[in-house]
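So this block is model.pdb, PDB, C-alpha atoms, pLDDT in the B column:
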```pdb
ATOM      1  CA  MET A   1      64.355  86.473 103.285  1.00 59.00           C
ATOM      2  CA  GLU A   2      65.518  87.339 106.800  1.00 64.00           C
ATOM      3  CA  LYS A   3      69.143  88.419 107.241  1.00 68.00           C
ATOM      4  CA  GLU A   4      71.329  86.125 109.341  1.00 77.00           C
ATOM      5  CA  SER A   5      72.491  87.538 112.693  1.00 83.00           C
ATOM      6  CA  VAL A   6      76.191  88.058 113.188  1.00 84.00           C
ATOM      7  CA  VAL A   7      77.571  87.310 116.642  1.00 89.00           C
ATOM      8  CA  GLY A   8      81.074  87.967 117.861  1.00 91.00           C
ATOM      9  CA  VAL A   9      83.624  90.468 119.052  1.00 92.00           C
ATOM     10  CA  PHE A  10      84.808  92.894 116.393  1.00 93.00           C
ATOM     11  CA  ASN A  11      87.578  95.500 116.286  1.00 92.00           C
ATOM     12  CA  ILE A  12      86.255  98.664 114.665  1.00 91.00           C
ATOM     13  CA  ALA A  13      89.279 100.761 113.743  1.00 90.00           C
ATOM     14  CA  CYS A  14      91.276 102.106 110.833  1.00 89.00           C
ATOM     15  CA  GLY A  15      93.321  98.894 110.681  1.00 87.00           C
ATOM     16  CA  LYS A  16      96.726 100.602 110.541  1.00 90.00           C
ATOM     17  CA  ARG A  17      99.630 100.402 112.981  1.00 90.00           C
ATOM     18  CA  THR A  18      99.876 103.352 115.375  1.00 89.00           C
ATOM     19  CA  SER A  19     102.674 103.940 117.867  1.00 86.00           C
ATOM     20  CA  LEU A  20     102.087 105.557 121.238  1.00 85.00           C
ATOM     21  CA  ASN A  21     104.224 108.508 120.075  1.00 87.00           C
ATOM     22  CA  GLN A  22     102.040 108.974 116.985  1.00 90.00           C
ATOM     23  CA  LEU A  23      98.849 108.752 119.043  1.00 90.00           C
ATOM     24  CA  ALA A  24     100.134 111.260 121.615  1.00 89.00           C
ATOM     25  CA  ARG A  25     101.189 113.726 118.886  1.00 92.00           C
ATOM     26  CA  VAL A  26      97.809 113.505 117.139  1.00 93.00           C
ATOM     27  CA  ILE A  27      95.843 114.002 120.361  1.00 92.00           C
ATOM     28  CA  MET A  28      98.043 116.910 121.483  1.00 92.00           C
ATOM     29  CA  ASP A  29      97.678 118.543 118.065  1.00 93.00           C
ATOM     30  CA  ILE A  30      93.893 118.169 118.000  1.00 92.00           C
ATOM     31  CA  MET A  31      93.516 119.471 121.544  1.00 90.00           C
ATOM     32  CA  GLY A  32      96.031 122.294 121.103  1.00 90.00           C
ATOM     33  CA  SER A  33      98.151 120.944 123.952  1.00 90.00           C
ATOM     34  CA  GLU A  34     101.757 121.967 124.448  1.00 89.00           C
ATOM     35  CA  ALA A  35     102.482 119.104 126.853  1.00 89.00           C
ATOM     36  CA  VAL A  36     105.984 117.668 126.513  1.00 88.00           C
ATOM     37  CA  PRO A  37     106.250 113.877 126.312  1.00 86.00           C
ATOM     38  CA  ILE A  38     108.614 112.219 128.783  1.00 88.00           C
ATOM     39  CA  HIS A  39     110.192 109.019 127.539  1.00 86.00           C
ATOM     40  CA  ASP A  40     110.887 106.563 130.334  1.00 88.00           C
ATOM     41  CA  GLN A  41     112.320 103.056 130.379  1.00 89.00           C
ATOM     42  CA  GLN A  42     110.130 100.375 128.861  1.00 87.00           C
ATOM     43  CA  ARG A  43     108.337  98.286 131.459  1.00 89.00           C
ATOM     44  CA  LYS A  44     107.570  94.579 131.425  1.00 91.00           C
ATOM     45  CA  GLY A  45     104.305  94.059 129.563  1.00 89.00           C
ATOM     46  CA  ASP A  46     104.439  97.350 127.621  1.00 85.00           C
ATOM     47  CA  ILE A  47     103.052  96.989 124.116  1.00 80.00           C
ATOM     48  CA  GLN A  48     105.483  98.199 121.448  1.00 73.00           C
ATOM     49  CA  ASP A  49     103.216  97.998 118.403  1.00 72.00           C
ATOM     50  CA  SER A  50      99.447  98.269 118.248  1.00 79.00           C
ATOM     51  CA  VAL A  51      97.180  97.538 115.319  1.00 86.00           C
ATOM     52  CA  ALA A  52      93.555  96.478 115.484  1.00 89.00           C
ATOM     53  CA  ASP A  53      92.863  93.418 113.347  1.00 92.00           C
ATOM     54  CA  ILE A  54      89.659  94.361 111.540  1.00 94.00           C
ATOM     55  CA  SER A  55      89.463  91.245 109.348  1.00 95.00           C
ATOM     56  CA  ALA A  56      86.570  89.731 111.368  1.00 94.00           C
ATOM     57  CA  ALA A  57      84.585  92.979 111.041  1.00 94.00           C
ATOM     58  CA  ARG A  58      85.302  93.035 107.307  1.00 95.00           C
ATOM     59  CA  MET A  59      84.078  89.479 106.877  1.00 94.00           C
ATOM     60  CA  GLY A  60      81.186  89.414 109.364  1.00 92.00           C
ATOM     61  CA  LEU A  61      79.900  92.974 109.110  1.00 94.00           C
ATOM     62  CA  ASN A  62      81.143  93.985 105.662  1.00 94.00           C
ATOM     63  CA  PHE A  63      83.002  96.793 107.464  1.00 94.00           C
ATOM     64  CA  GLU A  64      85.413  99.182 105.777  1.00 95.00           C
ATOM     65  CA  PRO A  65      86.899 102.166 107.655  1.00 94.00           C
ATOM     66  CA  ASP A  66      85.602 105.597 106.626  1.00 93.00           C
ATOM     67  CA  TYR A  67      88.139 107.485 108.745  1.00 92.00           C
ATOM     68  CA  ASP A  68      91.868 107.419 109.324  1.00 92.00           C
ATOM     69  CA  LEU A  69      93.205 107.965 112.859  1.00 91.00           C
ATOM     70  CA  VAL A  70      93.467 111.760 112.638  1.00 93.00           C
ATOM     71  CA  SER A  71      90.084 112.447 111.052  1.00 93.00           C
ATOM     72  CA  GLY A  72      88.391 109.918 113.353  1.00 92.00           C
ATOM     73  CA  LEU A  73      89.834 111.525 116.480  1.00 93.00           C
ATOM     74  CA  ARG A  74      88.926 115.008 115.208  1.00 93.00           C
ATOM     75  CA  GLU A  75      85.327 113.888 114.668  1.00 92.00           C
ATOM     76  CA  THR A  76      85.252 112.248 118.116  1.00 90.00           C
ATOM     77  CA  VAL A  77      86.491 115.420 119.845  1.00 88.00           C
ATOM     78  CA  LYS A  78      83.978 117.488 117.869  1.00 89.00           C
ATOM     79  CA  TRP A  79      81.128 115.103 118.759  1.00 88.00           C
ATOM     80  CA  PHE A  80      81.887 115.242 122.490  1.00 86.00           C
ATOM     81  CA  GLY A  81      82.382 118.998 122.358  1.00 83.00           C
ATOM     82  CA  GLU A  82      78.908 119.459 120.927  1.00 85.00           C
ATOM     83  CA  ARG A  83      77.247 117.173 123.466  1.00 83.00           C
ATOM     84  CA  VAL A  84      79.108 117.370 126.763  1.00 81.00           C
ATOM     85  CA  GLU A  85      79.057 120.564 128.818  1.00 69.00           C
ATOM     86  CA  GLY A  86      82.669 121.404 129.596  1.00 62.00           C
ATOM     87  CA  GLY A  87      83.650 118.458 127.378  1.00 55.00           C
ATOM     88  CA  CYS A  88      86.276 118.276 124.667  1.00 52.00           C
ATOM     89  CA  GLY A  89      84.929 121.353 122.907  1.00 49.00           C
ATOM     90  CA  GLY A  90      83.844 123.220 126.023  1.00 46.00           C
ATOM     91  CA  LYS A  91      85.693 126.299 127.283  1.00 47.00           C
ATOM     92  CA  ARG A  92      86.697 124.646 130.566  1.00 43.00           C
ATOM     93  CA  MET A  93      88.189 121.596 128.833  1.00 47.00           C
ATOM     94  CA  GLU A  94      89.989 123.662 126.171  1.00 46.00           C
ATOM     95  CA  LYS A  95      91.558 125.866 128.840  1.00 45.00           C
ATOM     96  CA  GLY A  96      92.528 122.829 130.923  1.00 42.00           C
ATOM     97  CA  ILE A  97      94.196 121.091 128.001  1.00 44.00           C
ATOM     98  CA  LYS A  98      96.030 124.153 126.664  1.00 44.00           C
ATOM     99  CA  ASP A  99      97.222 125.240 130.114  1.00 44.00           C
ATOM    100  CA  ALA A 100      98.186 121.726 131.210  1.00 45.00           C
ATOM    101  CA  GLN A 101     101.561 121.556 132.900  1.00 44.00           C
ATOM    102  CA  SER A 102     101.397 117.787 133.282  1.00 49.00           C
ATOM    103  CA  PRO A 103     103.785 115.921 131.005  1.00 50.00           C
ATOM    104  CA  VAL A 104     102.719 113.009 128.818  1.00 53.00           C
ATOM    105  CA  LEU A 105     104.594 109.873 129.900  1.00 53.00           C
ATOM    106  CA  LEU A 106     105.710 107.587 127.090  1.00 56.00           C
ATOM    107  CA  THR A 107     108.052 104.626 127.269  1.00 53.00           C
ATOM    108  CA  ARG A 108     111.019 104.288 124.940  1.00 52.00           C
ATOM    109  CA  ASN A 109     110.336 102.315 121.747  1.00 49.00           C
ATOM    110  CA  SER A 110     106.817 103.777 121.561  1.00 43.00           C
TER     111      SER A 110
END
```

Please lay out the structure from this file as structure tokens.
Amino acid sequence: MEKESVVGVFNIACGKRTSLNQLARVIMDIMGSEAVPIHDQQRKGDIQDSVADISAARMGLNFEPDYDLVSGLRETVKWFGERVEGGCGGKRMEKGIKDAQSPVLLTRNS
């Protein structure tokens, strides 16, 4: 019997709420960055909470996350580092991230 095709738009994620502050801290930790977040006033349209609804992927694709945010981002950085010259794992990118003087801009309530 032929399997039925599934059509649609699906969020593929860990399915847990992540704040912008949490995301910034995880990325800075993984990349070894010492950038200092700057918290500015919230702007109209800023998203305060973000969580990907993965219920459609669970139902339509039988999807269950294998990674949490941290391990997924670590694997992503590793993957790019192994495949992209000067990429996330390349010497040039590592030096650029670690020596970065640019602050990370976050809005309050992130």

Name all residues at most 9 Å from region 73-84 of chain A (count only C-alpha atoms; drop same-chain ones fewer than 6 positions away) and give them as JSON, numbers by chain. {"A": [26, 27, 30, 31, 67, 90]}

Residue IDs satisfying the PyMOL selection byres ((chain A and resi 50-52) around 10), as JSON, numbers by chain: {"A": [10, 11, 12, 13, 14, 15, 16, 17, 18, 19, 20, 47, 48, 49, 53, 54, 55, 110]}

Grab the CA of Leu61 (chain A) to CA of Glu4 (chain A) distance for me, in Å with one decimal place.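 Separation between CA of Leu61 (chain A) and CA of Glu4 (chain A): 11.0 Å.
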
Can you measure CA of Asp29 (chain A) to CA of Phe63 (chain A) for me? One decimal in Å is fine.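 Distance reported for this atom pair: 28.3 Å.
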
Computed interatomic separation between CA of Ile38 (chain A) and CA of Asn21 (chain A) (Å):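 It comes out at 10.4 Å.
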
Completion of region 7-35 of chain A up to N, CA and C atoms, as a compact mmCIF listing (two decimals), in the frame of the given file:
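Output below, filename result12.txt:
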```txt
# COMPACT_ATOMS: atom_id res chain seq x y z
N VAL A 7 77.22 87.27 115.23
CA VAL A 7 77.57 87.31 116.64
C VAL A 7 79.09 87.24 116.76
N GLY A 8 79.64 88.03 117.65
CA GLY A 8 81.07 87.97 117.86
C GLY A 8 81.61 89.25 118.44
N VAL A 9 82.92 89.28 118.58
CA VAL A 9 83.62 90.47 119.05
C VAL A 9 84.39 91.00 117.85
N PHE A 10 84.21 92.30 117.58
CA PHE A 10 84.81 92.89 116.39
C PHE A 10 85.60 94.14 116.75
N ASN A 11 86.80 94.26 116.19
CA ASN A 11 87.58 95.50 116.29
C ASN A 11 87.07 96.44 115.21
N ILE A 12 86.66 97.64 115.61
CA ILE A 12 86.26 98.66 114.66
C ILE A 12 87.32 99.76 114.76
N ALA A 13 88.12 99.86 113.73
CA ALA A 13 89.28 100.76 113.74
C ALA A 13 89.70 101.04 112.32
N CYS A 14 90.79 101.80 112.17
CA CYS A 14 91.28 102.11 110.83
C CYS A 14 92.12 100.97 110.27
N GLY A 15 92.58 100.06 111.14
CA GLY A 15 93.32 98.89 110.68
C GLY A 15 94.77 99.16 110.34
N LYS A 16 95.32 100.28 110.81
CA LYS A 16 96.73 100.60 110.54
C LYS A 16 97.49 100.70 111.85
N ARG A 17 98.77 100.35 111.81
CA ARG A 17 99.63 100.40 112.98
C ARG A 17 99.78 101.85 113.45
N THR A 18 99.69 102.04 114.77
CA THR A 18 99.88 103.35 115.38
C THR A 18 100.76 103.19 116.60
N SER A 19 101.82 103.98 116.68
CA SER A 19 102.67 103.94 117.87
C SER A 19 102.10 104.87 118.93
N LEU A 20 102.53 104.69 120.15
CA LEU A 20 102.09 105.56 121.24
C LEU A 20 102.54 107.00 120.98
N ASN A 21 103.75 107.16 120.42
CA ASN A 21 104.22 108.51 120.08
C ASN A 21 103.32 109.17 119.04
N GLN A 22 102.93 108.42 118.01
CA GLN A 22 102.04 108.97 116.98
C GLN A 22 100.70 109.37 117.61
N LEU A 23 100.14 108.49 118.41
CA LEU A 23 98.85 108.75 119.04
C LEU A 23 98.93 109.99 119.93
N ALA A 24 99.97 110.10 120.73
CA ALA A 24 100.13 111.26 121.62
C ALA A 24 100.24 112.55 120.81
N ARG A 25 101.04 112.52 119.72
CA ARG A 25 101.19 113.73 118.89
C ARG A 25 99.86 114.15 118.26
N VAL A 26 99.10 113.19 117.77
CA VAL A 26 97.81 113.50 117.14
C VAL A 26 96.85 114.11 118.16
N ILE A 27 96.75 113.50 119.33
CA ILE A 27 95.84 114.00 120.36
C ILE A 27 96.27 115.39 120.82
N MET A 28 97.57 115.59 121.05
CA MET A 28 98.04 116.91 121.48
C MET A 28 97.77 117.97 120.42
N ASP A 29 97.95 117.61 119.15
CA ASP A 29 97.68 118.54 118.06
C ASP A 29 96.20 118.91 118.01
N ILE A 30 95.34 117.93 118.06
CA ILE A 30 93.89 118.17 118.00
C ILE A 30 93.42 119.03 119.16
N MET A 31 93.95 118.76 120.35
CA MET A 31 93.52 119.47 121.54
C MET A 31 94.27 120.78 121.77
N GLY A 32 95.27 121.06 120.94
CA GLY A 32 96.03 122.29 121.10
C GLY A 32 96.92 122.27 122.33
N SER A 33 97.33 121.09 122.75
CA SER A 33 98.15 120.94 123.95
C SER A 33 99.63 121.17 123.63
N GLU A 34 100.32 121.78 124.58
CA GLU A 34 101.76 121.97 124.45
C GLU A 34 102.50 121.09 125.45
N ALA A 35 101.85 120.03 125.92
CA ALA A 35 102.48 119.10 126.85
C ALA A 35 103.73 118.51 126.20
```
